[in-house]
Structure formats: C-alpha cells, structure tokens
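As stored in run.csv (CSV, C-alpha atoms and all ligand atoms):
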```csv
chain,number,residue,atom,x,y,z
A,300,MET,CA,27.9,40.1,-13.2
A,301,PRO,CA,24.7,40.5,-14.5
A,302,ASN,CA,21.6,42.4,-14.5
A,303,THR,CA,18.6,41.6,-12.5
A,304,CYS,CA,16.3,41.8,-15.5
A,305,ARG,CA,14.0,38.9,-16.0
A,306,ARG,CA,14.0,38.0,-19.6
A,307,PHE,CA,11.4,36.3,-21.7
A,308,VAL,CA,12.3,33.8,-24.3
A,309,PHE,CA,9.7,33.1,-27.0
A,310,ALA,CA,9.9,29.9,-28.9
A,311,GLY,CA,13.7,29.8,-28.6
A,312,VAL,CA,14.2,33.3,-29.9
A,313,LEU,CA,16.3,35.3,-27.5
A,314,ILE,CA,15.4,38.9,-27.1
A,315,ALA,CA,18.8,40.4,-27.2
A,316,ALA,CA,17.7,44.0,-26.8
A,317,ILE,CA,18.6,45.7,-23.6
A,318,GLY,CA,16.4,47.9,-21.5
A,319,VAL,CA,13.4,45.6,-20.8
A,320,ALA,CA,11.0,47.4,-18.6
A,321,ALA,CA,11.1,46.8,-14.9
A,322,CYS,CA,14.7,46.1,-14.7
A,323,SER,CA,16.5,47.2,-11.6
A,324,HIS,CA,20.2,47.2,-11.8
A,325,ASP,CA,22.0,48.4,-8.7
A,326,GLY,CA,25.2,48.3,-10.5
A,327,SER,CA,24.4,51.3,-12.6
A,328,ARG,CA,26.0,53.6,-10.2
A,329,SER,CA,28.3,55.4,-12.5
A,330,GLU,CA,29.8,58.4,-10.7
A,331,ALA,CA,33.2,56.9,-10.3
A,332,SER,CA,35.8,56.2,-12.9
A,333,ALA,CA,36.9,52.7,-13.7
A,334,SER,CA,40.1,53.1,-11.8
A,335,ALA,CA,38.8,55.1,-8.8
A,336,ALA,CA,40.4,52.8,-6.2
A,337,THR,CA,44.1,52.5,-5.9
A,338,THR,CA,45.5,49.0,-5.9
A,339,SER,CA,47.3,49.6,-2.7
A,340,GLN,CA,44.2,50.6,-0.8
A,341,ALA,CA,42.4,47.5,-2.1
A,342,SER,CA,45.4,45.3,-1.4
A,343,ALA,CA,45.5,46.4,2.2
A,344,SER,CA,41.8,45.5,2.8
A,345,GLN,CA,42.3,42.3,1.0
A,346,ASN,CA,45.2,41.3,3.0
A,347,SER,CA,43.2,41.6,6.2
A,348,ALA,CA,40.4,39.6,4.6
A,349,ALA,CA,42.8,37.0,3.3
A,350,ALA,CA,44.3,36.5,6.8
A,351,ALA,CA,40.9,35.5,8.2
A,352,LYS,CA,40.3,31.8,8.2
A,353,PRO,CA,37.2,30.9,6.1
A,354,ALA,CA,34.2,29.8,8.2
A,355,GLU,CA,33.9,26.7,6.0
A,356,SER,CA,36.6,24.6,4.5
A,357,ALA,CA,36.7,22.6,1.2
A,358,PRO,CA,36.2,18.9,1.4
A,359,PRO,CA,39.3,16.9,0.5
A,360,ALA,CA,39.8,16.7,-3.3
A,361,SER,CA,39.1,12.9,-3.1
A,362,GLN,CA,35.5,13.7,-2.1
A,363,THR,CA,35.0,16.1,-5.0
A,364,GLY,CA,36.1,14.0,-7.9
A,365,GLY,CA,39.7,15.3,-7.8
A,366,PHE,CA,38.6,19.0,-7.9
A,367,ASP,CA,40.7,20.6,-5.2
A,368,GLY,CA,38.5,23.3,-3.5
A,369,ALA,CA,41.3,24.5,-1.3
A,370,LYS,CA,43.4,25.1,-4.4
A,371,ALA,CA,40.5,26.9,-6.2
A,372,TYR,CA,40.0,29.1,-3.1
A,373,ASP,CA,43.7,30.0,-3.1
A,374,GLN,CA,43.2,31.1,-6.7
A,375,VAL,CA,40.3,33.3,-5.7
A,376,ALA,CA,42.4,34.8,-3.0
A,377,LYS,CA,45.2,35.4,-5.5
A,378,ILE,CA,42.9,37.1,-8.0
A,379,VAL,CA,41.5,39.3,-5.3
A,380,SER,CA,44.9,40.3,-4.0
A,381,PHE,CA,45.6,42.2,-7.3
A,382,GLY,CA,42.9,44.7,-6.2
A,383,PRO,CA,40.2,46.2,-8.6
A,384,ARG,CA,40.5,44.8,-12.1
A,385,PRO,CA,38.1,46.7,-14.4
A,386,PRO,CA,38.8,46.5,-18.1
A,387,GLY,CA,41.9,48.4,-19.2
A,388,SER,CA,43.2,48.9,-15.7
A,389,GLU,CA,46.6,48.1,-14.2
A,390,GLY,CA,44.9,45.6,-12.0
A,391,ILE,CA,43.4,43.6,-14.8
A,392,HIS,CA,46.8,43.5,-16.6
A,393,HIS,CA,48.3,41.8,-13.6
A,394,VAL,CA,45.4,39.4,-13.5
A,395,GLN,CA,45.8,38.6,-17.2
A,396,ASP,CA,49.5,37.9,-16.7
A,397,TYR,CA,48.7,35.7,-13.7
A,398,ILE,CA,45.9,33.7,-15.5
A,399,HIS,CA,48.1,33.2,-18.5
A,400,GLY,CA,51.1,32.1,-16.4
A,401,GLN,CA,48.9,29.6,-14.4
A,402,LEU,CA,47.4,28.1,-17.6
A,403,GLN,CA,50.8,27.6,-19.1
A,404,SER,CA,52.1,26.0,-15.9
A,405,PHE,CA,49.2,23.5,-16.2
A,406,GLY,CA,50.3,22.6,-19.7
A,407,CYS,CA,47.3,24.3,-21.4
A,408,THR,CA,47.6,25.6,-24.9
A,409,VAL,CA,46.7,29.3,-24.3
A,410,ASP,CA,45.1,31.6,-26.9
A,411,GLU,CA,44.7,35.3,-26.2
A,412,ASP,CA,42.2,37.4,-28.1
A,413,ASP,CA,43.0,41.1,-27.8
A,414,PHE,CA,40.2,43.4,-28.9
A,415,HIS,CA,39.0,46.9,-28.5
A,416,ALA,CA,35.5,47.3,-27.1
A,417,SER,CA,33.4,50.3,-28.1
A,418,THR,CA,32.0,51.5,-24.7
A,419,PRO,CA,30.1,54.6,-23.6
A,420,THR,CA,33.5,56.0,-22.4
A,421,GLY,CA,35.3,55.2,-25.7
A,422,SER,CA,37.4,52.3,-26.9
A,423,ILE,CA,38.8,50.1,-24.2
A,424,ALA,CA,41.5,47.4,-24.8
A,425,MET,CA,40.2,44.1,-23.6
A,426,LYS,CA,41.4,40.5,-23.6
A,427,ASN,CA,39.8,37.1,-23.6
A,428,ILE,CA,42.1,34.3,-22.5
A,429,ILE,CA,41.3,30.8,-23.7
A,430,ALA,CA,42.9,27.6,-22.4
A,431,LYS,CA,42.6,24.7,-24.8
A,432,THR,CA,42.8,21.0,-24.0
A,433,PRO,CA,43.1,18.5,-26.8
A,434,GLY,CA,40.2,16.3,-28.2
A,435,THR,CA,40.3,13.2,-30.3
A,436,GLY,CA,37.3,14.3,-32.2
A,437,GLN,CA,36.0,17.6,-33.6
A,438,GLY,CA,33.6,18.5,-30.7
A,439,ILE,CA,34.3,21.2,-28.1
A,440,ILE,CA,33.0,21.6,-24.6
A,441,LEU,CA,33.2,25.3,-23.6
A,442,LEU,CA,33.6,26.5,-20.0
A,443,LEU,CA,33.2,30.2,-19.3
A,444,THR,CA,33.8,32.7,-16.6
A,445,HIS,CA,34.4,36.4,-16.6
A,446,TYR,CA,37.4,37.8,-14.7
A,447,ASP,CA,37.0,41.5,-14.9
A,448,SER,CA,35.5,43.5,-11.9
A,449,LEU,CA,33.0,46.3,-11.8
A,450,GLY,CA,34.9,49.6,-12.1
A,451,SER,CA,32.2,52.0,-11.2
A,452,VAL,CA,32.3,51.3,-7.5
A,453,PRO,CA,35.4,52.4,-5.6
A,454,ASN,CA,37.5,49.7,-4.0
A,455,PHE,CA,35.4,46.9,-5.6
A,456,VAL,CA,37.5,43.8,-5.8
A,457,GLY,CA,34.8,41.3,-6.7
A,458,ALA,CA,35.8,38.3,-4.6
A,459,GLU,CA,32.4,36.6,-5.4
A,460,ASP,CA,31.9,38.6,-8.7
A,461,SER,CA,34.0,37.3,-10.5
A,462,ALA,CA,37.1,35.9,-8.7
A,463,SER,CA,35.1,32.9,-7.4
A,464,SER,CA,34.3,31.5,-10.8
A,465,THR,CA,37.7,32.5,-12.1
A,466,GLY,CA,39.3,30.4,-9.3
A,467,VAL,CA,37.0,27.5,-10.2
A,468,MET,CA,38.0,27.6,-13.8
A,469,LEU,CA,41.7,27.9,-13.1
A,470,GLU,CA,41.4,24.7,-11.0
A,471,MET,CA,39.4,23.1,-13.8
A,472,ALA,CA,42.3,23.9,-16.2
A,473,ARG,CA,44.8,22.4,-13.8
A,474,LEU,CA,42.8,19.2,-13.9
A,475,LEU,CA,41.9,19.1,-17.6
A,476,CYS,CA,44.9,20.5,-19.5
A,477,GLY,CA,47.0,17.9,-21.0
A,478,LYS,CA,44.2,15.3,-20.8
A,479,LYS,CA,43.1,14.2,-24.2
A,480,GLN,CA,39.4,13.4,-24.3
A,481,ALA,CA,36.8,12.8,-27.0
A,482,ASN,CA,35.8,16.4,-27.1
A,483,ALA,CA,38.3,19.2,-26.6
A,484,VAL,CA,37.6,21.4,-23.5
A,485,TRP,CA,38.1,25.1,-24.0
A,486,ILE,CA,38.1,27.2,-20.9
A,487,ALA,CA,37.5,30.9,-21.6
A,488,PHE,CA,38.3,33.7,-19.2
A,489,LEU,CA,36.3,36.6,-20.4
A,490,ASP,CA,37.0,40.3,-20.1
A,491,GLY,CA,34.4,43.1,-19.9
A,492,GLU,CA,31.3,41.4,-18.6
A,493,GLU,CA,30.5,44.3,-16.3
A,494,ALA,CA,29.0,47.6,-17.4
A,495,ILE,CA,31.4,50.4,-17.8
A,496,ILE,CA,28.6,53.0,-17.1
A,497,ASP,CA,25.1,51.4,-17.1
A,498,TRP,CA,24.2,47.9,-18.0
A,499,ASP,CA,20.8,48.9,-19.3
A,500,LYS,CA,22.0,51.4,-21.8
A,501,ASP,CA,24.0,51.2,-25.1
A,502,ASN,CA,24.6,47.4,-24.8
A,503,ASP,CA,27.1,48.3,-22.1
A,504,HIS,CA,28.0,44.8,-20.9
A,505,THR,CA,29.2,41.3,-21.9
A,506,TYR,CA,31.9,42.6,-24.2
A,507,GLY,CA,34.1,39.6,-23.8
A,508,SER,CA,31.4,37.0,-24.4
A,509,ARG,CA,30.1,38.9,-27.4
A,510,GLU,CA,33.6,39.0,-28.8
A,511,LEU,CA,34.3,35.3,-28.2
A,512,SER,CA,31.0,34.1,-29.7
A,513,ALA,CA,31.5,36.3,-32.8
A,514,SER,CA,35.1,35.3,-33.3
A,515,LEU,CA,34.3,31.6,-32.9
A,516,ALA,CA,31.5,32.0,-35.4
A,517,VAL,CA,33.9,33.6,-37.9
A,518,SER,CA,36.6,30.8,-37.4
A,519,GLY,CA,33.9,28.1,-37.8
A,520,ASP,CA,34.7,26.7,-34.3
A,521,LEU,CA,31.3,27.7,-32.9
A,522,LYS,CA,29.6,25.0,-34.9
A,523,ARG,CA,31.9,22.5,-33.0
A,524,VAL,CA,30.7,23.6,-29.6
A,525,LYS,CA,28.5,20.9,-28.1
A,526,ALA,CA,27.7,22.7,-24.9
A,527,ALA,CA,28.9,25.7,-22.9
A,528,ILE,CA,28.8,26.1,-19.1
A,529,LEU,CA,29.1,29.5,-17.6
A,530,ALA,CA,29.8,30.1,-13.9
A,531,ASP,CA,29.3,33.4,-12.3
A,532,MET,CA,28.9,34.2,-8.6
A,533,ILE,CA,29.1,30.6,-7.3
A,534,GLY,CA,31.2,30.9,-4.2
A,535,GLN,CA,29.0,32.4,-1.5
A,536,TYR,CA,28.0,30.9,1.8
A,537,GLY,CA,24.6,29.3,1.7
A,538,LEU,CA,24.9,28.9,-2.0
A,539,GLU,CA,21.7,28.1,-3.9
A,540,ILE,CA,21.8,27.9,-7.7
A,541,PRO,CA,18.4,28.1,-9.4
A,542,ARG,CA,17.7,26.6,-12.8
A,543,GLU,CA,18.4,29.6,-15.0
A,544,SER,CA,15.4,30.0,-17.2
A,545,ASN,CA,17.0,31.3,-20.4
A,546,SER,CA,19.5,28.4,-20.4
A,547,THR,CA,19.2,25.4,-22.7
A,548,ARG,CA,16.8,23.0,-21.0
A,549,TRP,CA,18.5,19.7,-21.7
A,550,LEU,CA,21.8,21.0,-20.5
A,551,VAL,CA,20.2,22.4,-17.3
A,552,ASP,CA,18.7,18.9,-16.8
A,553,LEU,CA,22.0,17.2,-17.3
A,554,ILE,CA,23.8,19.3,-14.7
A,555,TRP,CA,21.0,19.2,-12.2
A,556,LYS,CA,20.8,15.4,-12.5
A,557,THR,CA,24.5,15.2,-12.1
A,558,ALA,CA,24.4,17.5,-9.0
A,559,ALA,CA,21.5,15.4,-7.5
A,560,HIS,CA,23.4,12.2,-8.1
A,561,LEU,CA,26.3,13.7,-6.1
A,562,GLY,CA,24.0,14.7,-3.3
A,563,TYR,CA,23.9,18.5,-3.9
A,564,GLN,CA,20.2,19.0,-4.3
A,565,ASN,CA,20.3,21.6,-1.6
A,566,ILE,CA,22.6,23.7,-3.7
A,567,PHE,CA,21.4,23.0,-7.2
A,568,VAL,CA,17.8,23.8,-6.3
A,569,SER,CA,14.7,23.3,-8.4
A,570,ARG,CA,13.3,26.9,-8.5
A,571,GLU,CA,13.8,28.9,-11.6
A,572,ALA,CA,15.1,32.4,-12.2
A,573,GLY,CA,16.3,34.2,-15.3
A,574,TYR,CA,19.2,36.5,-15.7
A,575,SER,CA,21.1,38.5,-18.3
A,576,ASP,CA,24.7,37.3,-18.4
A,577,ASP,CA,27.6,36.1,-20.6
A,578,HIS,CA,25.6,33.0,-21.7
A,579,GLU,CA,23.3,35.1,-23.9
A,580,PRO,CA,25.6,35.8,-26.8
A,581,PHE,CA,26.1,32.0,-27.1
A,582,LEU,CA,22.4,31.2,-26.8
A,583,ALA,CA,21.7,33.8,-29.4
A,584,ARG,CA,24.0,32.0,-31.8
A,585,GLY,CA,22.4,28.6,-31.1
A,586,VAL,CA,25.0,27.1,-28.8
A,587,PRO,CA,23.5,25.0,-26.0
A,588,THR,CA,24.5,27.1,-22.9
A,589,VAL,CA,23.8,27.1,-19.2
A,590,ASP,CA,24.4,29.8,-16.6
A,591,LEU,CA,25.3,28.6,-13.1
A,592,ILE,CA,24.6,31.7,-10.9
A,593,ASP,CA,23.3,32.5,-7.5
A,594,TYR,CA,22.4,36.1,-7.8
A,595,ASP,CA,19.6,36.1,-5.2
A,596,GLY,CA,21.7,34.9,-2.3
A,597,TYR,CA,24.4,37.4,-3.2
A,598,GLN,CA,21.8,40.1,-3.3
A,599,GLN,CA,20.3,39.2,0.1
A,600,PRO,CA,23.1,40.6,2.3
A,601,LYS,CA,23.2,43.5,-0.1
A,602,TYR,CA,26.9,43.3,-0.9
A,603,TRP,CA,26.4,42.7,-4.6
A,604,HIS,CA,28.4,45.4,-6.5
A,605,THR,CA,29.7,47.0,-3.3
A,606,ALA,CA,33.1,47.2,-1.7
A,607,GLU,CA,31.9,44.5,0.7
A,608,ASP,CA,32.4,41.8,-1.9
A,609,THR,CA,35.6,40.6,-0.3
A,610,LEU,CA,37.3,37.3,0.2
A,611,ASP,CA,35.5,36.6,3.5
A,612,LYS,CA,32.2,36.2,1.4
A,613,VAL,CA,33.6,33.2,-0.5
A,614,SER,CA,33.2,29.7,0.9
A,615,PRO,CA,35.9,27.1,-0.1
A,616,ARG,CA,33.2,24.5,0.3
A,617,SER,CA,30.8,26.2,-2.1
A,618,ILE,CA,33.4,26.5,-4.9
A,619,ALA,CA,34.5,22.9,-4.3
A,620,ILE,CA,31.0,21.7,-4.8
A,621,VAL,CA,30.4,23.8,-8.0
A,622,GLY,CA,33.8,22.6,-9.3
A,623,HIS,CA,32.8,19.0,-8.6
A,624,VAL,CA,29.5,19.3,-10.4
A,625,ILE,CA,31.1,21.0,-13.4
A,626,LEU,CA,33.8,18.4,-13.6
A,627,GLU,CA,31.3,15.5,-13.5
A,628,SER,CA,29.0,17.3,-15.9
A,629,VAL,CA,31.9,17.6,-18.4
A,630,ALA,CA,32.4,13.9,-18.0
A,631,GLU,CA,28.7,13.3,-18.7
A,632,LEU,CA,29.0,15.6,-21.8
A,633,GLN,CA,32.1,13.6,-23.0
A,634,LYS,CA,30.0,10.4,-22.8
A,635,LYS,CA,27.0,12.0,-24.5
A,636,PHE,CA,29.0,13.4,-27.4
A,637,HIS,CA,31.5,10.5,-27.7
B,1,ZN,ZN,28.9,42.0,-11.4
```
Can you dump the structure from the file as structure tokens?
Amino acid sequence: MPNTCRRFVFAGVLIAAIGVAACSHDGSRSEASASAATTSQASASQNSAAAAKPAESAPPASQTGGFDGAKAYDQVAKIVSFGPRPPGSEGIHHVQDYIHGQLQSFGCTVDEDDFHASTPTGSIAMKNIIAKTPGTGQGIILLLTHYDSLGSVPNFVGAEDSASSTGVMLEMARLLCGKKQANAVWIAFLDGEEAIIDWDKDNDHTYGSRELSASLAVSGDLKRVKAAILADMIGQYGLEIPRESNSTRWLVDLIWKTAAHLGYQNIFVSREAGYSDDHEPFLARGVPTVDLIDYDGYQQPKYWHTAEDTLDKVSPRSIAIVGHVILESVAELQKKFH
C-alpha cells in the first residue's frame, strides 16, 4: 500500500497527478529486483511466524455478525505462506490460483482480468480477480483489496500489507457468494497496487485499480456501482482507522456510524488523514468510494515495507472487527439502495 502523500481535493476534483511536494515514501527503495527473495527463504521465516500463537484471538463469529475472524486469519496465514508475491512472480501466481480456487469453492462466479501493465521496468503481466454475487436489481456494491506485495524489499511477504485485507475479503466472499441480494456484491482482488520502482514517479502504482475502473467504465458496469469499499492494512494490533479525507463523505459517515453502533469507536476513530491508494481511480471516475486504512499505526513500529511485516503483526481480533463492520455496512448499503 500506499504513499504517505497528503492530497488535497478541491471541490470534488481529485488531483490525480503524482509527485505532490513534501511526499515521503519509504517504499521507494528500489535497489532490489522484484523477485529478490526466494520463496523458500520466505516460507521458512513464515513458518516460524505462523507457529506462534497470536497475542489476540478473534471473537466467535456469532459476535461479529457471522464474519469468522479465525477463518479470515487462517486465510492471511495461507497467503503469507506463499512467500513474496510481487506482480509477475512465481509467488503471485500461486496466490492467484489459491484465491481463484477459494472463490470457486465458496460458490462465487469468478472473473479474471488479465492485463499487461506498462511499468518503469517494462510490461508486466497482471491479473485482477473478481468474485461476483448475484443481485435482484441492477446495482453493484464493490469491495476492494490489493493482493500483490511490494517487490523492491527482499523477503517482503506483506502480512499486513496486503494479506490482511485479502484474508478479510476471502472471508467476505465465503459469506456473500451465493446470496442473492438487492444489489450484486462484487469483490475485487487487485494486482499491482505497489510501486515497481518508485511510487512518486511515472504513475508507478495502483495498476490493478486503474485497470478495473477503466474496464468497468468501458463495459458500462461502473455506472451501476453504488459504493465501493477498499480495505488496506487493517489487521494490525492496536488498530485505529482514521476517516480517510479523500473518500466520499456520505460513505465514510455510513461506515463510521455502523462501526459506532457496533461499539467500535475506538477502532474507527474520528480523526482524519488522507492517503493515495486504490480508491483514487474510482473516485476520479465519480464512484462513491472509501478507503479503510491504518497507515499511521503501521508506520509507528517502522515495519511498513520492511521484511518485518510478518504474520505475527496481524491480530485476528482486528481483522474480525473490520470484517464485521464491512459486512454490516454492506447490509446498510443494501437497505439504502433497495
Ligand atoms: Zn504497501
């Protein structure tokens, strides 16, 4: 995930240009190639992390609206076990097969969008994977996560960034696929969020979300999207999600109201912070979109975009709570757009 740039939004016009002054992006370390780490090295370190019991456990699913935090955490562990998964790598191919297989086993209709991204290191094959649940009407509620990991840091397996949100969305698919509701729910697993070389140069980021938003615009489906909810880095201990300031206000309000109603005011906090992330291509095309992200907490222990982003940094309780809030917010959106 994303850049630390604070962005300004003027009268609803999103400034899409990159390279705003005063950005600091620690992730711009670019000395290593995308596949610097071997899968076996990463797997060895992951296995030791996976063996450790998490310091917090997920509440029973009955306390989180049916969202099973333990299952979501197991998905996070599984994603991490494949090792580094930068775009075009062997690791990400395994993860793609795994996500696809899981979605099929949940009864989802699964679409894959294979595309070639033009990056500073040349063309890279990428893949968005979209699980589709049926709707009785024309509307779509879109859930988003990226699943690639940063390739420029050796041994980076991205447990928090981005396995945590990928695990949440897989569990969401388990719950929602096969359920016919007023609005279809599409759950998109996006490739290529991370910079290949440098986030702040050459539009080198958010390849998957730019591709999906463009392809949905071409197909005409984008007009059907009532709301989009992006999750990114939402699994850490001591989670605090600020109101992301570029996000669509009414949608932020709906989610924060839902979270407060469920008693999670200490996690969905009232302070604001703005980030550049996969929500921006959708906002730029007029889709009401929110980014659920705790960048600051992740930054505090300084393990963001380091090889220290391992499974032991992910709390089953945090992902259970975020899953609960997203699930209930989808239900609120179903009512709102019935
Ligand atoms: Zn990242």
Find, counting only C-alpha atoms, the residue in A:Tyr594, A:Phe488, A:Phe581, A:Phe455 that gets nearest to Pro541 (chain A).
A:Tyr594
Could you check which of A:Val452, A:Leu610, A:Val624, A:Met468 is closest to ligand ZN 1 (chain B), using all atoms listed in the file?
A:Val452
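Nearest-residue note for Glu543 (chain A): choosing from A:His393, A:Lys522, A:His637, A:Arg570, the minimum distance belongs to A:Arg570, counting only C-alpha atoms.
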Can you tell me how far CA of Asp410 (chain A) sits from CA of Ala462 (chain A), in Å to one decimal?
20.3 Å
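Proximity ranking of A:Leu591, A:Leu561, A:Ala354, A:Val586 relative to Gly573 (chain A) places A:Leu591 first, based on all atoms listed in the file.
Minimum distance to ligand ZN 1 (chain B) across A:Gly477, A:Gly364, A:Pro385, A:Gly622 (counting all atoms listed in the file) occurs at A:Pro385.
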Non-local contacts of Leu553 (chain A) (12 Å; only C-alpha atoms; under 5 positions in same chain excluded) as a ChimeraX atom specification:
/A:526,528,542,546-548,558-560,567,587-589,624-625,627-632,634-635
In Å, rounded to a single decimal, give me how far CA of Gly491 (chain A) is from CA of His504 (chain A).
6.7 Å
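Distances to Gly562 (chain A) were evaluated for A:Ala360, A:Met471, A:Ile620, A:Val394 using only C-alpha atoms, and the minimum falls at A:Ile620.
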Can you tell me, as a PyMOL selection string, what residues are no more than 10 Å from region 516-519 of chain A when counting all atoms listed in the file, ignoring any on the same chain fewer than 5 positions away?
chain A and resi 510-511+524+581+584
Considering all atoms listed in the file, return as an mmCIF file with C-alpha atoms, in the frame of the given file whatever protein or nucleic-acid residues lie within 9 Å of Asp590 (chain A), sequence-local ones (same chain, fewer than 4 positions apart) excluded.
```cif
data_model
loop_
_atom_site.group_PDB
_atom_site.id
_atom_site.type_symbol
_atom_site.label_atom_id
_atom_site.label_comp_id
_atom_site.auth_asym_id
_atom_site.auth_seq_id
_atom_site.Cartn_x
_atom_site.Cartn_y
_atom_site.Cartn_z
ATOM 1 C CA ALA A 527 28.900 25.700 -22.900
ATOM 2 C CA ILE A 528 28.800 26.100 -19.100
ATOM 3 C CA LEU A 529 29.100 29.500 -17.600
ATOM 4 C CA ALA A 530 29.800 30.100 -13.900
ATOM 5 C CA ASP A 531 29.300 33.400 -12.300
ATOM 6 C CA ARG A 542 17.700 26.600 -12.800
ATOM 7 C CA GLU A 543 18.400 29.600 -15.000
ATOM 8 C CA ASN A 545 17.000 31.300 -20.400
ATOM 9 C CA SER A 546 19.500 28.400 -20.400
ATOM 10 C CA VAL A 551 20.200 22.400 -17.300
ATOM 11 C CA TYR A 574 19.200 36.500 -15.700
ATOM 12 C CA ASP A 576 24.700 37.300 -18.400
ATOM 13 C CA ASP A 577 27.600 36.100 -20.600
ATOM 14 C CA HIS A 578 25.600 33.000 -21.700
#
```
Within 10 Å of Asp520 (chain A), counting all atoms listed in the file, which residues qualify if same-chain residues fewer than 6 places away don't, as a ChimeraX atom specification?
/A:437-439,512,514
Quick one: residues within 12 Å of Ile429 (chain A), only C-alpha atoms counted, chain neighbours fewer than 6 positions away excluded, as a PyMOL selection string?
chain A and resi 395+398-399+402-403+407-413+441-445+468-469+472+476+484-490+507-508+511+515
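Going from CA of Gly365 (chain A) over to CA of Ala458 (chain A), you cover 23.5 Å.
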